Structures are given as structure tokens and as C-alpha cells.
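Peer 1: Got a structure for you, written out below as C-alpha cells; questions coming shortly.
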Amino acid sequence: MLRAPRCLSRTSVAPAAALAAALLSSLARCSHLEPRDPVASSLSPYFGTKTRYEDVNPVLLSGPEAPWRDPELLEGTCTPVQLVALIRHGTRYPTAKQIRKLRQLHGLLQARRSRDGGAGSTGSRDLRAALADWPLWYADWMDGQLVEKGRQDMRQLALRLASLFPALFSRENCGRLRFITSSKHRCMDSSAAFLQGLWQHYHPGLPPPDVADMEFGPPTVNDKLMRFFDHCEKFLTEVEKNATALYHVEAFKTGPEMQNILKKVAATLQVPVNDLNADLIQVAFFTCSFDLAIKGVKSPWCDVFDIDDAKVLEYLNDLKQYWKRGYGYTINSRSSCTLFQDIFQHLDKAVEQKQRSQPISSPVILQFGHAETLLPLLSLMGYFKDKEPLTAYNYKEQMHRKFRSGHIVPYASNLIFVLYHCENAKTPEEQFRVQMLLNEKVLPLAHSQETVSFYEDLKNHYKDILQSCQTSEECELARANSTSDEL
């Protein structure tokens, strides 16, 4: 007879069960769409925030569950005592807005085929026929929800992290792991899938129970941390709801680079150029990425574009992220101060407990959010900042830019803080050190390019953010009329 595994609690708690049901509510609805074997696309490096995680970490294509260790990770006399991770949800469906645009584009092709039959050159005619016949399987209910591939992203990440930091994810610690999530279903479902991955790590071969029956679940919903941008009045007014905030995005859509693609696609599809616009072109490009990421297939939409087109469309996506989530406006990053401070409060508490020879109350904190959670925080910390701003007019000058959202925040992207306690340190201040990982690779410090920092030195570098950045003040709208502080 099998005994109840150690990391299970069979006590039934109504709120926990309700949240567990919510966590898993949309999993069953879309389980019929299983991903096929992954395939590559020459356009994959240019999908921006729609990029597959394995395209950023190609080593995962051969063994997505196998632990991979960055050689820069500390070891020897330094022992990890706490891990704080921010994790973007896994691969998701298109939003309902994107699906409606795709339906509009598909309708143009269907109408064209019914009008002209087989007119056009053989190559373009074959591609148009393939596009018109390509099944439009996206439905409105999908609306950005997590897909099966996204759950795999999370389960596999859980297995790798648990194998990489076995002391932190030990069976003894499993009841002290903390999970926080955004209220969005794709994040809640991602956290549930991550828990399933941990269960698989602890109990290989045993089917996972409901999240409510796991001692380390269910997660806590906290939108003030994971969706801080929704709670920042200044950001909402001056950026999110400001028609002029994305001026450079709109200007690039009508600029020469995008107009060249517009004419080329119109000729390829044999539709009037006036029937197309930059948004439809972009959704066609993203359809290539969605089919690849969700089902592991290369759709005919990928054949509409070449690499030069892809670079332009990537820049369009990066412009939006830059001006709405990155360095374009100071409030984008300053709105994340509370999240940044929360991370260091966890680290401070772990340092204090270790100094008192007490057990670390939360050795692992895992937080599930969005690309929009990670990008402002990384900008706040000074990462991926180019010498010149990204604008509608310097595409060629920014060909080798640092700010490439697909390389920073693909699906399942993660920013991890690892706190170490080091024996044989010369001073008490040198006992505690920190490394950061971005997408499981050691992230050099933005200010020094070193791969490790004494904890006190890191706190001192970010002293202004830790001491002077109060979200309530940063997000308060000025009483007098003012304009956004464009950088």
C-alpha cells in the first residue's frame, strides 16, 4: 500500500479548492490541441514577445527537461540559500483582437480567390491557395489563454530549476515554497503547471493531485506586484491611455520600411494595397509565430516574409515595447519600484535569518507574471539600454540594438535572483553574494558586467530605488498640466 507522499496535505480548505479550480479551469478546454514535434523557422529570431523559449535557449531543443548549468554559476564554498524568481507565463493563444484581425485578413484572401480563380504567377498563386486553404482554427474563446505547449514550458522549467538548485527545492523545503501569480488565467495556469512539474520532480511516475492537495500550493494572487502597471495612475493616463504616447510606433507603421513590406505583401497576395495596413501585416507575421509555437508547424504565412521583412517587423514590435514598457518614458520602469523592493525584502529577510542561524522561512519564491512585468523591472535596473532611443527614424542605426524583446522576454522568460552564503569570507559583509539569471543564463551586472556581487554592494548600487522610489508618489498625477517625460 502506498503511503501519502510527504509533500501532500489532504486537509480540505474551501478557498484553496476554489482557487485550484480556477487555476485549472481553462486547462481542460484546450487540452485537445497537443503540440506536434518542434520545427525551426528562419524567422524565429525575430518574433519579439511571441518568441519560443527554446529559440532563446537552443540547448533545450535536444533535452527540455535535462538540467543545464551555466558555468558562471557559483559553487564550491558558496551555498544558495534563497531563490526569488519572476516568470513570464508560457506559450499562449493569440488574443481575441489578434484573432479578429486574422479573420479579416483570411476573408480578403477568400474573396480574392473567388473573384480571380487562378490568376497570377504560379509561385504566388500556389502561396495564395495555400493561405486560403490553411485552416483558420483560432476561436474567440482562446483569447490569450495558456496552451498545452505553455504548460510544458512551465513543467520543464520546474524540473530544470529543481535539479539545478536541489538544496533549495529539497523535500524538506517543499512546504515553505511560496507562489504568487497574476490574476490572468495564463499566469494562474502557468503556476499550476509549474507545481505539476515540481510534483513530477518529487514523485516521478506518480500522477499529480489537485493543486489544493499539494502542500506547496495553491498560489496567491497579487496583481499589485505582478500587474503593477494596472495600479499606476500616471502610467495609465500618460502612456496606456494616451493616444500620442506611441507616436514612434504609429510613425514607423507609415514609414518607408513598413510601406515597402505592405506593397510587397499586397503583390504576393494579389490584394489591393489599400485593403492592407501595418496591423494586418503584423498579425500575418505573428500567425507564423503562433502556429510554430503552439502546434510546432510551419504555416504558409511564414513564406510571405523573408528575413529582411522579419527584422523590420521585429523592430515595430520592439518600438512598442520600448515606448510602452521600457525606456521610452520614465514612469514605465518607476512603476515597478514596489516589485523591486519586494524582491530585496525577501533577500534581506533571508540574510537576517541566516545570520541568526535560523532556517530560511521562504527558500524559494516563485512569481508568475507577464512580459509587461519583466521589461519595466529590467529597465529599472538598467539592462538593455541603448545609447540612443529607439525611434521611427533610426531603424538602420538600431540594427545591433541591445533592446530586442524576443531575446529578453520570450514565452516562459524568467529573471532569477540567487542569494548565496559563502564560507571562509574575509568579512561578514562578504558572506552573502548574489547572482542573477535571465532565462537560466547568468546575467552580468548592468553597472559592472561582473557575474556576481556582494549583496551589500548590490543594495548600495540600487540605493535610490530601494530607499527613494515610492510607487504611490511615482504614480501620482501632477495637479498642473504636464507632459510625459520622454527620454
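How things are named: the first chain in the C-alpha cells is A, the next is B, and so on; residues count from 1 in each chain; ligands count from 1 in the order shown.
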Name the residues of segment 32-244 of chain A that come out as strand (DSSP E or B) in a backbone DSSP run; write them as a ChimeraX atom specification.
Peer 2: /A:78-88,92,146,178-181,214,220-221
Peer 1: Going by DSSP on the backbone, which residues of segment 347-394 of chain A come out as helix (DSSP H, G or I)? List them as a ChimeraX atom specification.
Peer 2: /A:347-355,371-380
Peer 1: Using only C-alpha atoms, pick whichever of A:Pro359, A:Pro444, A:Pro67, A:Gly48 has the shortest atom-to-atom distance to Arg176 of chain A.
Peer 2: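 Selected residue with least distance to Arg176 of chain A: A:Pro359.
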Peer 1: When you look at Leu161 of chain A with a cut-off of 10 Å (counting only C-alpha atoms), what residues show up, excluding the ones that are within fewer than 6 positions of it in the same chain? I need them as a count of residues only.
Peer 2: 10
Peer 1: Between atom CA of Leu280 of chain A and atom CA of Gln98 of chain A, what is the distance, to one decimal in Å?
Peer 2: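 If I compute the distance from atom CA of Leu280 of chain A to atom CA of Gln98 of chain A, I get 9.0 Å.
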Peer 1: Excluding Val84 of chain A and residues on its chain fewer than 6 positions from it, collect all residues at most 7 Å away from it, counting only C-alpha atoms, and give them as a list in words.
Peer 2: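 Near neighbours after the sequence-gap exclusion: Ile343, Val364, Ile365, Leu366, Ile416, Phe417 and Val418 of chain A.
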Peer 1: Go ahead and write the residues just picked, N, CA, C and O atoms, as a compact mmCIF listing (two decimals), in the first residue's frame.
Peer 2:
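Result file is selection_21.txt:
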# COMPACT_ATOMS: atom_id res chain seq x y z
N ILE A 343 11.35 42.18 -3.82
CA ILE A 343 12.39 41.17 -4.03
C ILE A 343 13.49 41.31 -2.98
O ILE A 343 13.92 40.32 -2.36
N VAL A 364 12.40 29.55 -1.44
CA VAL A 364 12.08 29.72 -2.86
C VAL A 364 10.80 30.54 -2.98
O VAL A 364 9.78 30.19 -2.39
N ILE A 365 10.88 31.65 -3.72
CA ILE A 365 9.70 32.47 -4.02
C ILE A 365 9.56 32.52 -5.54
O ILE A 365 10.48 32.97 -6.24
N LEU A 366 8.44 32.05 -6.05
CA LEU A 366 8.20 31.99 -7.49
C LEU A 366 6.99 32.85 -7.82
O LEU A 366 5.90 32.66 -7.26
N ILE A 416 15.85 35.53 -12.32
CA ILE A 416 16.05 34.82 -11.06
C ILE A 416 17.16 35.48 -10.25
O ILE A 416 18.25 35.72 -10.77
N PHE A 417 16.87 35.76 -8.99
CA PHE A 417 17.87 36.24 -8.04
C PHE A 417 18.26 35.06 -7.15
O PHE A 417 17.38 34.43 -6.55
N VAL A 418 19.55 34.77 -7.06
CA VAL A 418 20.03 33.68 -6.21
C VAL A 418 20.93 34.28 -5.14
O VAL A 418 21.94 34.92 -5.45
Peer 1: Give one line per residue of segment 372-409 of chain A that approaches segment 320-326 of chain A to at most 7 Å, naming the two atoms of the closest pair and their distance in Å to one decimal, counting only C-alpha atoms; sort by chain then ascending residue number and deliver it as a tab-separated table.
Peer 2:
residue	atom	partner	partner_atom	distance
A:Glu372	CA	A:Arg325	CA	6.3
A:Leu375	CA	A:Arg325	CA	6.1
A:Pro376	CA	A:Arg325	CA	5.4
A:Ser379	CA	A:Gly326	CA	5.7
Peer 1: Measuring between only C-alpha atoms, which one of A:Met226, A:Arg479, A:Lys396, A:Gly382 shows the shortest distance to His447 of chain A?
Peer 2: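 Among the listed residues, the smallest separation from His447 of chain A belongs to A:Gly382.
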Peer 1: Please indicate the distance in Å from atom CA of Cys469 of chain A to atom CA of Ile331 of chain A, rounded to one decimal place.
Peer 2: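 These atoms are spaced 11.2 Å apart.
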Peer 1: Give me the residues near His370 of chain A as a ChimeraX atom specification, where near means some atom within 8 Å (using only C-alpha atoms) and where sequence neighbours in that chain fewer than 4 positions away do not count.
Peer 2: /A:87-89,187,226-227,374
Peer 1: Write a file of the selected residues as a CSV table (one decimal), in the first residue's frame, keeping C-alpha atoms.
Peer 2:
chain,number,residue,atom,x,y,z
A,87,ILE,CA,8.5,34.0,-14.5
A,88,ARG,CA,6.5,35.1,-17.6
A,89,HIS,CA,3.6,32.7,-18.4
A,187,CYS,CA,-0.4,33.1,-15.3
A,226,MET,CA,2.5,41.2,-10.9
A,227,ARG,CA,0.4,43.8,-12.7
A,374,LEU,CA,9.7,41.8,-16.5
Peer 1: Using only C-alpha atoms, pick whichever of A:Asn424, A:Ser336, A:Thr254, A:Gln104 has the shortest atom-to-atom distance to Phe228 of chain A.
Peer 2: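 Ranked by minimum distance to Phe228 of chain A, first place goes to A:Ser336.
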Peer 1: Return the single residue from A:Ala284, A:Tyr327, A:Leu61, A:Leu102 that is closest to Asp303 of chain A, with distances computed using only C-alpha atoms.
Peer 2: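 Answer, going by the shortest atom-to-atom distance: A:Ala284.
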Peer 1: Find, counting only C-alpha atoms, the residue in A:Val211, A:Cys232, A:Ile281, A:Ala392 that gets nearest to Leu195 of chain A.
Peer 2: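 Using only C-alpha atoms, Leu195 of chain A sits closest to A:Val211.
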Peer 1: Within 6 Å of segment 124-135 of chain A, counting only C-alpha atoms, which residues qualify if same-chain residues fewer than 4 places away don't, as an MDAnalysis selection string?
Peer 2: chainID A and resid 109:110 120 268:269 300
Peer 1: Can you write out the residues you just picked, keeping C-alpha atoms, as a PDB file, in the first residue's frame?
Peer 2:
ATOM      1  CA  LEU A 109      -7.823  36.071 -49.416  1.00  0.00           C
ATOM      2  CA  GLN A 110     -11.061  34.105 -49.720  1.00  0.00           C
ATOM      3  CA  GLY A 120      -1.224  35.287 -61.143  1.00  0.00           C
ATOM      4  CA  THR A 268       2.178  38.497 -53.199  1.00  0.00           C
ATOM      5  CA  LEU A 269      -1.415  38.074 -52.049  1.00  0.00           C
ATOM      6  CA  PRO A 300       2.273  29.177 -45.254  1.00  0.00           C
TER       7      PRO A 300
END
